file coords.txt (compact mmCIF, C-alpha atoms and all ligand atoms)
# COMPACT_ATOMS: atom_id res chain seq x y z
CA MET A 1 23.91 -85.02 -157.29
CA LYS A 2 26.62 -85.23 -154.67
CA GLU A 3 30.21 -84.62 -155.61
CA SER A 4 31.47 -88.21 -155.41
CA THR A 5 28.62 -89.28 -157.69
CA ARG A 6 29.50 -86.59 -160.22
CA LEU A 7 33.16 -87.63 -160.14
CA VAL A 8 32.10 -91.09 -161.29
CA SER A 9 29.94 -89.94 -164.18
CA ALA A 10 31.48 -86.64 -165.32
CA GLY A 11 32.81 -86.66 -168.89
CA ARG A 12 31.84 -90.29 -169.55
CA ASN A 13 29.91 -91.36 -172.60
CA PRO A 14 30.14 -95.16 -173.03
CA GLU A 15 27.49 -95.27 -175.80
CA ARG A 16 29.90 -93.39 -178.06
CA PHE A 17 32.65 -95.97 -177.58
CA GLU A 18 31.07 -99.41 -177.93
CA GLY A 19 30.08 -99.41 -174.27
CA VAL A 20 33.53 -99.31 -172.72
CA VAL A 21 33.35 -97.69 -169.29
CA ASN A 22 36.27 -95.29 -169.78
CA THR A 23 36.57 -92.86 -172.69
CA PRO A 24 39.42 -94.46 -174.68
CA ILE A 25 42.73 -92.83 -175.52
CA VAL A 26 41.97 -91.27 -178.89
CA ARG A 27 45.25 -90.41 -180.59
CA GLY A 28 45.20 -88.25 -183.67
CA SER A 29 46.65 -85.25 -185.47
CA THR A 30 44.61 -85.46 -188.68
CA LEU A 31 40.86 -85.72 -188.12
CA LEU A 32 39.29 -86.76 -191.42
CA SER A 33 36.01 -85.53 -192.85
CA PRO A 34 34.05 -87.72 -195.32
CA ASN A 35 33.23 -84.85 -197.69
CA MET A 36 33.38 -81.07 -198.19
CA ALA A 37 29.98 -80.38 -196.64
CA HIS A 38 31.05 -82.10 -193.41
CA TRP A 39 34.41 -80.34 -193.48
CA ALA A 40 32.82 -76.90 -193.96
CA ASP A 41 30.26 -77.55 -191.24
CA LYS A 42 32.91 -78.73 -188.81
CA ASN A 43 35.11 -75.70 -189.52
CA ARG A 44 32.20 -73.34 -188.90
CA ARG A 45 31.34 -75.03 -185.58
CA HIS A 46 35.00 -74.99 -184.55
CA ALA A 47 35.22 -71.25 -185.37
CA ASP A 48 32.09 -70.72 -183.24
CA ASP A 49 33.88 -72.48 -180.37
CA GLU A 50 31.26 -75.22 -180.12
CA PHE A 51 32.28 -77.61 -177.34
CA GLY A 52 33.75 -80.93 -178.46
CA VAL A 53 34.24 -79.96 -182.10
CA SER A 54 37.82 -80.32 -183.25
CA ILE A 55 39.37 -79.87 -186.69
CA TYR A 56 42.89 -80.88 -185.66
CA GLY A 57 44.60 -82.88 -182.93
CA ARG A 58 46.05 -79.74 -181.36
CA TYR A 59 42.52 -78.69 -180.40
CA GLY A 60 41.96 -82.04 -178.73
CA THR A 61 40.30 -85.37 -179.40
CA ALA A 62 37.44 -87.11 -177.60
CA THR A 63 39.76 -87.95 -174.68
CA HIS A 64 40.66 -84.29 -174.12
CA HIS A 65 37.05 -83.20 -174.46
CA ALA A 66 35.94 -85.77 -171.88
CA LEU A 67 38.49 -84.38 -169.41
CA GLN A 68 37.57 -80.76 -170.15
CA ASP A 69 33.91 -81.58 -169.66
CA ALA A 70 34.53 -83.41 -166.37
CA ILE A 71 36.75 -80.68 -164.89
CA THR A 72 34.22 -77.99 -165.79
CA GLU A 73 31.42 -80.02 -164.24
CA ILE A 74 33.16 -80.48 -160.89
CA SER A 75 34.64 -76.94 -160.84
CA GLY A 76 31.42 -75.12 -161.66
CA GLY A 77 32.87 -72.74 -164.24
CA HIS A 78 32.06 -72.11 -167.91
CA ARG A 79 34.77 -74.02 -169.84
CA THR A 80 38.19 -75.59 -169.24
CA MET A 81 41.50 -75.46 -171.15
CA LEU A 82 44.17 -78.18 -170.84
CA TYR A 83 47.93 -77.60 -170.68
CA PRO A 84 51.06 -79.77 -170.61
CA SER A 85 51.78 -78.72 -166.99
CA GLY A 86 50.37 -76.65 -164.16
CA LEU A 87 52.93 -73.94 -164.80
CA ALA A 88 52.01 -73.80 -168.50
CA ALA A 89 48.40 -73.17 -167.42
CA ILE A 90 49.46 -70.35 -165.08
CA ALA A 91 51.75 -68.67 -167.64
CA SER A 92 49.21 -68.96 -170.44
CA VAL A 93 46.27 -67.65 -168.39
CA VAL A 94 48.12 -64.61 -167.03
CA THR A 95 49.48 -63.80 -170.49
CA ALA A 96 45.95 -64.00 -171.88
CA LEU A 97 44.63 -61.35 -169.49
CA VAL A 98 47.36 -58.68 -169.65
CA SER A 99 48.94 -56.33 -172.20
CA THR A 100 52.04 -54.13 -172.18
CA GLY A 101 51.68 -51.43 -169.54
CA ASP A 102 49.41 -53.52 -167.32
CA HIS A 103 50.01 -54.47 -163.70
CA VAL A 104 49.63 -57.76 -161.82
CA LEU A 105 49.20 -58.17 -158.05
CA LEU A 106 50.86 -61.39 -156.95
CA THR A 107 50.51 -63.04 -153.55
CA ASP A 108 53.86 -63.39 -151.85
CA SER A 109 53.44 -67.07 -150.98
CA VAL A 110 52.67 -68.10 -154.54
CA TYR A 111 54.30 -71.18 -156.11
CA SER A 112 57.86 -70.05 -156.81
CA ALA A 113 57.85 -70.78 -160.56
CA THR A 114 54.83 -68.47 -160.92
CA THR A 115 56.88 -65.62 -159.46
CA GLN A 116 59.74 -66.45 -161.79
CA PHE A 117 57.50 -66.38 -164.87
CA LEU A 118 56.15 -62.94 -163.95
CA ALA A 119 59.43 -61.44 -162.74
CA ARG A 120 61.53 -62.80 -165.57
CA THR A 121 59.52 -63.45 -168.72
CA LEU A 122 56.41 -61.28 -168.46
CA LYS A 123 58.49 -58.32 -167.23
CA ARG A 124 60.29 -58.28 -170.61
CA PHE A 125 56.94 -57.49 -172.22
CA GLY A 126 56.34 -54.47 -170.00
CA VAL A 127 53.98 -55.99 -167.43
CA ALA A 128 54.65 -54.74 -163.88
CA VAL A 129 54.24 -56.93 -160.81
CA THR A 130 53.66 -56.00 -157.17
CA ARG A 131 53.83 -58.71 -154.56
CA TYR A 132 51.49 -58.46 -151.62
CA ASP A 133 51.10 -60.02 -148.19
CA PRO A 134 48.77 -63.03 -148.63
CA ARG A 135 46.85 -61.99 -145.47
CA VAL A 136 45.97 -58.58 -146.94
CA GLY A 137 42.24 -59.38 -147.32
CA GLY A 138 40.11 -56.39 -148.39
CA GLY A 139 43.19 -54.20 -147.88
CA ILE A 140 44.17 -55.27 -151.41
CA ALA A 141 42.01 -52.30 -152.56
CA ARG A 142 44.84 -49.93 -151.58
CA LEU A 143 47.28 -51.79 -153.88
CA ILE A 144 45.07 -51.86 -156.96
CA GLN A 145 46.14 -49.40 -159.63
CA ASP A 146 44.26 -48.16 -162.68
CA ASN A 147 46.29 -50.58 -164.81
CA THR A 148 45.89 -53.62 -162.51
CA ARG A 149 44.38 -56.35 -164.67
CA VAL A 150 45.03 -59.48 -162.62
CA VAL A 151 45.04 -60.21 -158.90
CA PHE A 152 46.71 -63.60 -158.54
CA VAL A 153 45.78 -65.61 -155.44
CA GLU A 154 46.88 -68.96 -154.03
CA SER A 155 45.37 -70.19 -150.79
CA PRO A 156 46.84 -71.62 -148.71
CA GLY A 157 50.19 -70.33 -149.94
CA SER A 158 52.97 -72.60 -151.17
CA GLU A 159 55.36 -73.64 -148.38
CA THR A 160 54.07 -71.16 -145.76
CA PHE A 161 50.33 -71.97 -145.95
CA GLU A 162 48.83 -68.52 -145.25
CA MET A 163 45.09 -68.45 -145.90
CA GLN A 164 43.67 -65.71 -148.12
CA ASP A 165 40.30 -64.01 -147.83
CA ILE A 166 39.34 -64.71 -151.44
CA PRO A 167 35.81 -63.16 -151.37
CA ALA A 168 37.17 -59.87 -149.93
CA ILE A 169 39.99 -59.79 -152.49
CA ALA A 170 37.57 -60.58 -155.32
CA ARG A 171 35.17 -57.78 -154.31
CA ALA A 172 38.02 -55.24 -154.34
CA ALA A 173 39.44 -56.55 -157.64
CA HIS A 174 36.10 -56.58 -159.44
CA ALA A 175 35.29 -53.05 -158.23
CA ARG A 176 38.33 -51.92 -160.25
CA GLY A 177 37.80 -54.19 -163.25
CA ALA A 178 40.61 -56.67 -162.47
CA TYR A 179 40.38 -60.45 -162.89
CA VAL A 180 40.99 -62.81 -159.98
CA VAL A 181 43.11 -65.76 -161.05
CA MET A 182 43.55 -68.54 -158.49
CA ASP A 183 46.00 -71.40 -158.17
CA ASN A 184 43.56 -73.86 -156.57
CA THR A 185 45.88 -76.89 -156.63
CA TRP A 186 45.87 -77.38 -152.84
CA ALA A 187 42.12 -77.50 -152.19
CA THR A 188 41.01 -78.76 -155.63
CA PRO A 189 37.40 -77.99 -156.64
CA LEU A 190 36.28 -80.61 -154.10
CA PHE A 191 37.30 -78.49 -151.11
CA PHE A 192 37.12 -74.93 -152.48
CA LYS A 193 34.40 -73.74 -154.85
CA ALA A 194 36.41 -71.02 -156.55
CA PHE A 195 33.56 -69.59 -158.63
CA ASP A 196 31.23 -69.30 -155.62
CA HIS A 197 33.91 -67.15 -153.97
CA GLY A 198 34.47 -64.68 -156.81
CA VAL A 199 37.33 -66.27 -158.74
CA ASP A 200 37.38 -65.71 -162.54
CA VAL A 201 39.92 -68.38 -163.53
CA SER A 202 40.66 -71.42 -161.35
CA ILE A 203 43.90 -73.21 -162.20
CA GLN A 204 45.11 -76.58 -160.99
CA ALA A 205 48.33 -78.44 -161.43
CA ALA A 206 46.49 -81.65 -162.40
CA THR A 207 49.93 -83.22 -161.99
CA LYS A 208 49.09 -83.32 -158.26
CA TYR A 209 45.75 -84.71 -157.00
CA ILE A 210 43.83 -85.09 -160.26
CA VAL A 211 46.38 -87.45 -161.82
CA GLY A 212 47.09 -88.55 -158.26
CA HIS A 213 49.71 -91.21 -158.95
CA SER A 214 52.90 -89.19 -159.65
CA ASP A 215 53.07 -90.40 -163.23
CA ALA A 216 51.98 -87.53 -165.51
CA MET A 217 52.32 -83.76 -165.94
CA LEU A 218 49.15 -81.78 -166.72
CA GLY A 219 47.53 -78.42 -166.06
CA VAL A 220 43.90 -77.28 -166.22
CA ALA A 221 42.37 -73.79 -166.18
CA THR A 222 38.63 -73.42 -165.69
CA CYS A 223 37.23 -70.03 -166.71
CA ASN A 224 34.05 -68.10 -166.10
CA GLU A 225 32.37 -66.64 -169.18
CA ALA A 226 34.09 -63.25 -168.81
CA SER A 227 37.59 -64.72 -169.04
CA TRP A 228 37.00 -67.67 -171.38
CA ASN A 229 37.57 -66.12 -174.80
CA ALA A 230 40.84 -64.43 -173.90
CA VAL A 231 42.18 -67.57 -172.21
CA ARG A 232 41.11 -69.83 -175.09
CA GLU A 233 42.51 -67.58 -177.82
CA THR A 234 45.90 -67.08 -176.17
CA SER A 235 46.23 -70.78 -175.35
CA GLN A 236 45.44 -71.66 -178.96
CA ASP A 237 47.84 -68.98 -180.25
CA PHE A 238 50.62 -70.56 -178.19
CA GLY A 239 49.69 -74.02 -179.48
CA GLN A 240 48.97 -75.35 -176.00
CA THR A 241 47.97 -78.99 -176.01
CA CYS A 242 48.60 -82.18 -174.05
CA SER A 243 48.82 -85.85 -174.88
CA PRO A 244 45.60 -87.92 -174.87
CA ASP A 245 47.44 -90.54 -172.78
CA ASP A 246 47.96 -87.98 -170.00
CA ALA A 247 44.37 -86.75 -170.32
CA PHE A 248 43.28 -90.39 -169.89
CA LEU A 249 45.36 -90.70 -166.70
CA ALA A 250 43.74 -87.53 -165.37
CA LEU A 251 40.26 -88.90 -166.13
CA ARG A 252 41.14 -92.12 -164.37
CA GLY A 253 42.44 -90.13 -161.39
CA LEU A 254 39.21 -88.15 -161.13
CA ARG A 255 37.14 -91.28 -160.50
CA THR A 256 38.85 -91.94 -157.16
CA MET A 257 39.70 -88.37 -156.25
CA SER A 258 37.12 -87.86 -153.54
CA VAL A 259 38.02 -91.04 -151.61
CA ARG A 260 41.73 -90.33 -152.01
CA LEU A 261 41.37 -86.73 -150.82
CA ARG A 262 39.26 -87.71 -147.83
CA GLN A 263 42.01 -90.09 -146.73
CA HIS A 264 44.81 -87.55 -147.41
CA TRP A 265 42.81 -85.04 -145.32
CA ALA A 266 42.19 -87.39 -142.37
CA SER A 267 45.73 -88.80 -142.31
CA GLY A 268 47.24 -85.32 -142.81
CA VAL A 269 45.38 -83.91 -139.81
CA GLN A 270 46.32 -86.94 -137.70
CA VAL A 271 50.03 -86.59 -138.50
CA ALA A 272 49.88 -82.79 -138.09
CA GLN A 273 48.33 -83.12 -134.62
CA TRP A 274 50.99 -85.62 -133.62
CA LEU A 275 53.69 -83.22 -134.84
CA GLU A 276 52.18 -80.41 -132.72
CA SER A 277 53.03 -82.45 -129.63
CA ARG A 278 56.69 -82.96 -130.59
CA PRO A 279 59.41 -80.98 -128.80
CA GLU A 280 61.47 -80.73 -132.04
CA VAL A 281 58.66 -78.78 -133.77
CA ASP A 282 58.18 -75.04 -133.36
CA SER A 283 54.97 -74.73 -135.42
CA VAL A 284 52.72 -76.85 -137.63
CA LEU A 285 51.43 -74.87 -140.62
CA HIS A 286 48.16 -76.65 -141.42
CA PRO A 287 44.99 -74.55 -141.99
CA ALA A 288 42.69 -77.28 -140.62
CA LEU A 289 44.35 -77.08 -137.18
CA PRO A 290 42.68 -74.60 -134.78
CA SER A 291 46.16 -73.25 -133.94
CA HIS A 292 46.64 -71.99 -137.53
CA PRO A 293 46.23 -68.19 -137.90
CA GLY A 294 44.08 -68.73 -141.01
CA HIS A 295 41.90 -71.45 -139.47
CA ALA A 296 38.75 -69.26 -139.33
CA LEU A 297 39.01 -68.48 -143.05
CA TRP A 298 39.57 -72.16 -143.84
CA LYS A 299 36.49 -73.08 -141.80
CA ARG A 300 34.38 -70.39 -143.43
CA ASP A 301 35.27 -71.03 -147.10
CA TYR A 302 36.73 -74.56 -147.41
CA THR A 303 35.08 -77.94 -147.01
CA GLY A 304 38.23 -79.99 -146.53
CA ALA A 305 42.01 -80.14 -146.62
CA CYS A 306 44.45 -82.12 -148.71
CA GLY A 307 47.53 -83.95 -147.41
CA LEU A 308 50.03 -81.11 -147.84
CA PHE A 309 51.29 -78.92 -145.00
CA ALA A 310 54.56 -77.77 -143.45
CA ILE A 311 56.34 -77.71 -140.12
CA ALA A 312 58.77 -75.15 -138.78
CA LEU A 313 61.42 -77.00 -136.81
CA LYS A 314 63.16 -75.47 -133.84
CA PRO A 315 66.62 -74.26 -134.93
CA VAL A 316 68.90 -77.19 -135.83
CA PRO A 317 72.28 -77.28 -137.56
CA GLU A 318 72.16 -78.47 -141.16
CA PRO A 319 73.71 -81.93 -140.51
CA ALA A 320 70.97 -82.69 -137.96
CA LEU A 321 68.25 -81.63 -140.41
CA HIS A 322 69.87 -83.81 -143.08
CA ALA A 323 70.03 -86.75 -140.66
CA PHE A 324 66.27 -86.36 -140.06
CA ILE A 325 65.42 -86.35 -143.78
CA ASP A 326 67.93 -89.08 -144.70
CA SER A 327 66.63 -91.46 -142.03
CA LEU A 328 63.00 -91.31 -143.18
CA LYS A 329 61.96 -94.56 -144.84
CA LEU A 330 58.37 -93.86 -145.88
CA PHE A 331 58.80 -90.21 -146.92
CA GLY A 332 60.44 -89.69 -150.29
CA LEU A 333 62.69 -86.71 -151.01
CA GLY A 334 61.61 -84.95 -154.19
CA LEU A 335 59.48 -82.30 -155.83
CA SER A 336 55.74 -82.41 -156.54
CA TRP A 337 53.03 -83.93 -154.33
CA GLY A 338 49.47 -85.20 -154.61
CA GLY A 339 50.39 -88.81 -155.37
CA TYR A 340 49.58 -91.76 -153.12
CA GLU A 341 53.00 -91.63 -151.47
CA SER A 342 54.38 -89.46 -148.68
CA LEU A 343 57.12 -86.88 -149.25
CA ALA A 344 59.28 -84.65 -147.05
CA LEU A 345 61.15 -81.65 -148.42
CA PRO A 346 63.13 -79.03 -146.47
CA PHE A 347 62.75 -75.49 -147.73
CA SER A 348 63.79 -71.95 -146.90
CA PRO A 349 61.29 -69.46 -148.29
CA ALA A 350 63.83 -67.01 -149.67
CA GLY A 351 63.23 -64.26 -152.19
CA ARG A 352 59.80 -63.26 -150.99
CA GLY A 353 58.67 -59.70 -151.59
CA SER A 354 56.73 -58.47 -148.59
CA THR A 355 56.55 -61.25 -146.01
CA GLN A 356 59.29 -62.91 -143.97
CA TRP A 357 59.65 -66.46 -142.61
CA PRO A 358 59.00 -65.72 -138.94
CA TYR A 359 60.61 -68.86 -137.51
CA ALA A 360 64.20 -69.26 -136.35
CA GLY A 361 64.42 -72.86 -137.61
CA PRO A 362 64.05 -74.43 -141.05
CA GLY A 363 60.81 -75.45 -142.74
CA VAL A 364 59.95 -78.95 -143.92
CA ARG A 365 57.05 -79.48 -146.31
CA LEU A 366 55.24 -82.79 -145.82
CA HIS A 367 52.91 -84.59 -148.16
CA ILE A 368 50.90 -87.21 -146.32
CA GLY A 369 50.14 -90.05 -148.69
CA LEU A 370 47.86 -93.06 -148.39
CA GLU A 371 50.08 -95.10 -146.06
CA ASP A 372 48.72 -95.85 -142.57
CA PRO A 373 49.23 -92.67 -140.50
CA ALA A 374 50.52 -94.71 -137.54
CA ASP A 375 53.36 -95.99 -139.74
CA LEU A 376 54.07 -92.41 -140.85
CA THR A 377 54.30 -91.02 -137.31
CA ALA A 378 56.52 -93.96 -136.31
CA ASP A 379 58.79 -93.13 -139.24
CA LEU A 380 58.90 -89.44 -138.27
CA GLU A 381 59.64 -90.41 -134.67
CA GLN A 382 62.67 -92.48 -135.63
CA GLY A 383 63.69 -89.56 -137.88
CA PHE A 384 63.63 -87.22 -134.89
CA GLN A 385 65.73 -89.75 -132.96
CA ALA A 386 68.33 -89.74 -135.76
CA MET A 387 68.26 -85.93 -135.63
CA SER A 388 68.89 -86.00 -131.84
CA ARG A 389 71.77 -88.46 -132.21
CA THR A 390 73.43 -86.17 -134.74
CA LEU A 391 72.84 -83.17 -132.47
CA ARG A 392 74.41 -84.98 -129.52
CA GLY A 393 77.37 -85.92 -131.72
CA ILE A 394 77.85 -82.29 -132.77
CA ARG A 395 77.61 -81.06 -129.18
CA GLY A 396 79.98 -83.83 -128.00
CA GLY A 397 82.47 -82.84 -130.68
CA LEU A 398 82.24 -79.19 -129.63
CA ALA A 399 82.78 -80.11 -125.94
CA ALA A 400 85.81 -82.32 -126.70
C1 LIG A 501 53.28 -78.14 -158.67
C2 LIG A 501 52.55 -76.86 -158.61
C3 LIG A 501 52.37 -76.08 -159.75
C4 LIG A 501 52.99 -76.41 -161.08
O1 LIG A 501 52.50 -77.58 -161.62
P1 LIG A 501 53.38 -78.42 -162.68
O2 LIG A 501 52.44 -79.39 -163.25
O3 LIG A 501 54.50 -79.00 -161.89
O4 LIG A 501 53.89 -77.42 -163.69
C5 LIG A 501 51.63 -74.93 -159.63
N1 LIG A 501 51.10 -74.55 -158.46
C6 LIG A 501 51.26 -75.27 -157.33
C7 LIG A 501 50.64 -74.80 -156.07
C8 LIG A 501 52.00 -76.44 -157.37
O5 LIG A 501 52.19 -77.12 -156.25
call {"tool": "encode", "arguments": {"input": "coords.txt", "output": "structure tokens"}}
result
Amino acid sequence: MKESTRLVSAGRNPERFEGVVNTPIVRGSTLLSPNMAHWADKNRRHADDEFGVSIYGRYGTATHHALQDAITEISGGHRTMLYPSGLAAIASVVTALVSTGDHVLLTDSVYSATTQFLARTLKRFGVAVTRYDPRVGGGIARLIQDNTRVVFVESPGSETFEMQDIPAIARAAHARGAYVVMDNTWATPLFFKAFDHGVDVSIQAATKYIVGHSDAMLGVATCNEASWNAVRETSQDFGQTCSPDDAFLALRGLRTMSVRLRQHWASGVQVAQWLESRPEVDSVLHPALPSHPGHALWKRDYTGACGLFAIALKPVPEPALHAFIDSLKLFGLGLSWGGYESLALPFSPAGRGSTQWPYAGPGVRLHIGLEDPADLTADLEQGFQAMSRTLRGIRGGLAA
């Protein structure tokens, strides 16, 4: 079956719920058994980690199990855990795979809160972290130590969009007995088959494209068999769970995910190409553009692109940058991405370990939503005009 077909059917079981198309929101803490024999049987199956058997709401209800089942089916892994946010998934998975005295290799362009978790919280438990250049490829072998347990990858990187050679990194990591944990939020399982490329745990901030409507927080981690038990046990020990209402929203989002992503991809490339022609722009950081240094890797390993990329502007004073952002009417100013609406967010990638922002001007991260791309480029164009007016005002003031 093709992917869009699987997205429609995955995790659905209408016969169980009086024929309703969508698995309902099943709320519950107590899950009653009719008698002791049933209770004992259910406890044994729960202890054996049988899929879909729950003895308590914290381990999920039918709504959670439907989402876990669907995510596993489209991701291609063994089993999936759910978390109250993407960051909770990342923190829980890394914690599951390391012990005191272990070492983690962390890509430099990782989501910033991931760095903070490792550098601040995990460090207190005696886990060392080395950050590496995302473009290291097979050269990662030289950085792997005897105590390296996790190589954390994110491709393309947050804000700076470097592509990583995941198969080369995975070969080197596995040769030394380390797990490869990937933040696959950008590509989603639709555009990057993590398990076919050597990843052991594939994490997504479901908050982004799976939920897809900017109205819920959720994280998912899909494991291969080798990593599943450790990830499951630690997640359960920390009491990780999420609300069935949010799981329902994620299931609903999945049904339209392939059409949404195809549109985000097409519109994103269209806007990115337009930006490449603009005199205000130094560089467009979008892996699907042939000008991107990681384009060959993207072409080799990925089957699509989402709507998120960045631009490096030519150097502008802060008031001119603010005039650009403030004048945008269709691009919201705020965190997150992956919803149906466009966003623009200036950033300065500070605090990186081994790589530097190579541009003289500031970066702006853009999320291209489901608006018409012609309206989006028109909005950006009037934004650049507002930026120029402010620049002229500053220069006029200096001359006077
Ligand atoms: C947003 C994001 C996260 C964190 O997800 P939350 O649900 O906000 O905790 C992790 N990784 C990437 C790449 C993200 O963009």
call {"tool": "closest_residue", "arguments": {"input": "coords.txt", "among": "A:Thr148, A:Ser277, A:Thr121, A:Ser155", "to": "ligand LIG 501 (chain A)", "atoms": "all atoms listed in the file"}}
result
A:Ser155
call {"tool": "atom_distance", "arguments": {"input": "coords.txt", "atom1": "atom CA of A:Ser243", "atom2": "atom CA of A:Ser9"}}
result
22.1 Å
call {"tool": "closest_residue", "arguments": {"input": "coords.txt", "among": "A:Leu308, A:Ile325, A:Leu87, A:Cys242", "to": "A:Trp186", "atoms": "all atoms listed in the file"}}
result
A:Leu308
call {"tool": "residues_near_ligand", "arguments": {"input": "coords.txt", "ligand": "ligand LIG 501 (chain A)", "cutoff": "7 Å", "atoms": "only C-alpha atoms and all ligand atoms", "output": "MDAnalysis selection string"}}
result
chainID A and resid 85:88 111 158 183 185:186 204:208 217:219 336
call {"tool": "atom_distance", "arguments": {"input": "coords.txt", "atom1": "atom CA of A:Ile144", "atom2": "atom CA of A:Asp108"}}
result
15.4 Å
call {"tool": "closest_residue", "arguments": {"input": "coords.txt", "among": "A:Ala113, A:Asp48, A:Gly177, A:Leu106", "to": "A:Val153", "atoms": "all atoms listed in the file"}}
result
A:Leu106
call {"tool": "residues_around", "arguments": {"input": "coords.txt", "residues": "A:Val136", "least_positions_apart": "5", "cutoff": "10 Å", "atoms": "all atoms listed in the file", "output": "PDB file with C-alpha atoms, in the coordinates of the input"}}
result
ATOM      1  CA  THR A 107      50.510 -63.040-153.550  1.00  0.00           C
ATOM      2  CA  ALA A 141      42.010 -52.300-152.560  1.00  0.00           C
ATOM      3  CA  ARG A 142      44.840 -49.930-151.580  1.00  0.00           C
ATOM      4  CA  LEU A 143      47.280 -51.790-153.880  1.00  0.00           C
ATOM      5  CA  MET A 163      45.090 -68.450-145.900  1.00  0.00           C
ATOM      6  CA  GLN A 164      43.670 -65.710-148.120  1.00  0.00           C
ATOM      7  CA  ASP A 165      40.300 -64.010-147.830  1.00  0.00           C
ATOM      8  CA  ALA A 168      37.170 -59.870-149.930  1.00  0.00           C
ATOM      9  CA  ILE A 169      39.990 -59.790-152.490  1.00  0.00           C
TER      10      ILE A 169
END
call {"tool": "atom_distance", "arguments": {"input": "coords.txt", "atom1": "atom CA of A:Thr114", "atom2": "atom CA of A:Asp200"}}
result
17.7 Å
call {"tool": "closest_atom_pairs", "arguments": {"input": "coords.txt", "of": "stretch 247-283 of chain A", "to": "stretch 51-62 of chain A", "cutoff": "12 Å", "atoms": "all atoms listed in the file", "output": "CSV"}}
result
residue,atom,partner,partner_atom,distance
A:Ala247,CA,A:Gly60,CA,9.9
A:Phe248,CA,A:Ala62,CA,10.2
A:Leu251,CA,A:Ala62,CA,11.9
call {"tool": "residues_around", "arguments": {"input": "coords.txt", "residues": "A:Ser75", "least_positions_apart": "4", "cutoff": "8 Å", "atoms": "all atoms listed in the file", "output": "ChimeraX atom specification"}}
result
/A:71,189-190,193-195,222
call {"tool": "write_last_selection", "arguments": {"input": "coords.txt", "atoms": "C-alpha atoms", "output": "CSV table (one decimal), keeping the file's coordinate frame"}}
result
chain,number,residue,atom,x,y,z
A,71,ILE,CA,36.8,-80.7,-164.9
A,189,PRO,CA,37.4,-78.0,-156.6
A,190,LEU,CA,36.3,-80.6,-154.1
A,193,LYS,CA,34.4,-73.7,-154.8
A,194,ALA,CA,36.4,-71.0,-156.6
A,195,PHE,CA,33.6,-69.6,-158.6
A,222,THR,CA,38.6,-73.4,-165.7
call {"tool": "closest_residue", "arguments": {"input": "coords.txt", "among": "A:Ala70, A:Ala312, A:Ala216, A:Met1", "to": "A:Pro84", "atoms": "only C-alpha atoms"}}
result
A:Ala216
call {"tool": "closest_residue", "arguments": {"input": "coords.txt", "among": "A:Arg262, A:Gly338, A:Leu297, A:Arg278", "to": "A:Asp215", "atoms": "all atoms listed in the file"}}
result
A:Gly338
call {"tool": "residues_around", "arguments": {"input": "coords.txt", "residues": "A:Asn43", "least_positions_apart": "3", "cutoff": "12 Å", "atoms": "all atoms listed in the file", "output": "PDB file with C-alpha atoms, keeping the file's coordinate frame"}}
result
ATOM      1  CA  LEU A  31      40.860 -85.720-188.120  1.00  0.00           C
ATOM      2  CA  LEU A  32      39.290 -86.760-191.420  1.00  0.00           C
ATOM      3  CA  SER A  33      36.010 -85.530-192.850  1.00  0.00           C
ATOM      4  CA  MET A  36      33.380 -81.070-198.190  1.00  0.00           C
ATOM      5  CA  ALA A  37      29.980 -80.380-196.640  1.00  0.00           C
ATOM      6  CA  HIS A  38      31.050 -82.100-193.410  1.00  0.00           C
ATOM      7  CA  TRP A  39      34.410 -80.340-193.480  1.00  0.00           C
ATOM      8  CA  ALA A  40      32.820 -76.900-193.960  1.00  0.00           C
ATOM      9  CA  HIS A  46      35.000 -74.990-184.550  1.00  0.00           C
ATOM     10  CA  ALA A  47      35.220 -71.250-185.370  1.00  0.00           C
ATOM     11  CA  ASP A  48      32.090 -70.720-183.240  1.00  0.00           C
ATOM     12  CA  ASP A  49      33.880 -72.480-180.370  1.00  0.00           C
ATOM     13  CA  GLU A  50      31.260 -75.220-180.120  1.00  0.00           C
ATOM     14  CA  VAL A  53      34.240 -79.960-182.100  1.00  0.00           C
ATOM     15  CA  SER A  54      37.820 -80.320-183.250  1.00  0.00           C
ATOM     16  CA  ILE A  55      39.370 -79.870-186.690  1.00  0.00           C
ATOM     17  CA  TYR A  56      42.890 -80.880-185.660  1.00  0.00           C
TER      18      TYR A  56
END
call {"tool": "residues_around", "arguments": {"input": "coords.txt", "residues": "stretch 21-26 of chain A", "least_positions_apart": "3", "cutoff": "8 Å", "atoms": "only C-alpha atoms", "output": "PyMOL selection string"}}
result
chain A and resi 12-14+17+61-63+66+244-245+248+252
call {"tool": "write_last_selection", "arguments": {"input": "coords.txt", "atoms": "C-alpha atoms", "output": "PDB file, in the frame of the given file"}}
result
ATOM      1  CA  ARG A  12      31.840 -90.290-169.550  1.00  0.00           C
ATOM      2  CA  ASN A  13      29.910 -91.360-172.600  1.00  0.00           C
ATOM      3  CA  PRO A  14      30.140 -95.160-173.030  1.00  0.00           C
ATOM      4  CA  PHE A  17      32.650 -95.970-177.580  1.00  0.00           C
ATOM      5  CA  THR A  61      40.300 -85.370-179.400  1.00  0.00           C
ATOM      6  CA  ALA A  62      37.440 -87.110-177.600  1.00  0.00           C
ATOM      7  CA  THR A  63      39.760 -87.950-174.680  1.00  0.00           C
ATOM      8  CA  ALA A  66      35.940 -85.770-171.880  1.00  0.00           C
ATOM      9  CA  PRO A 244      45.600 -87.920-174.870  1.00  0.00           C
ATOM     10  CA  ASP A 245      47.440 -90.540-172.780  1.00  0.00           C
ATOM     11  CA  PHE A 248      43.280 -90.390-169.890  1.00  0.00           C
ATOM     12  CA  ARG A 252      41.140 -92.120-164.370  1.00  0.00           C
TER      13      ARG A 252
END
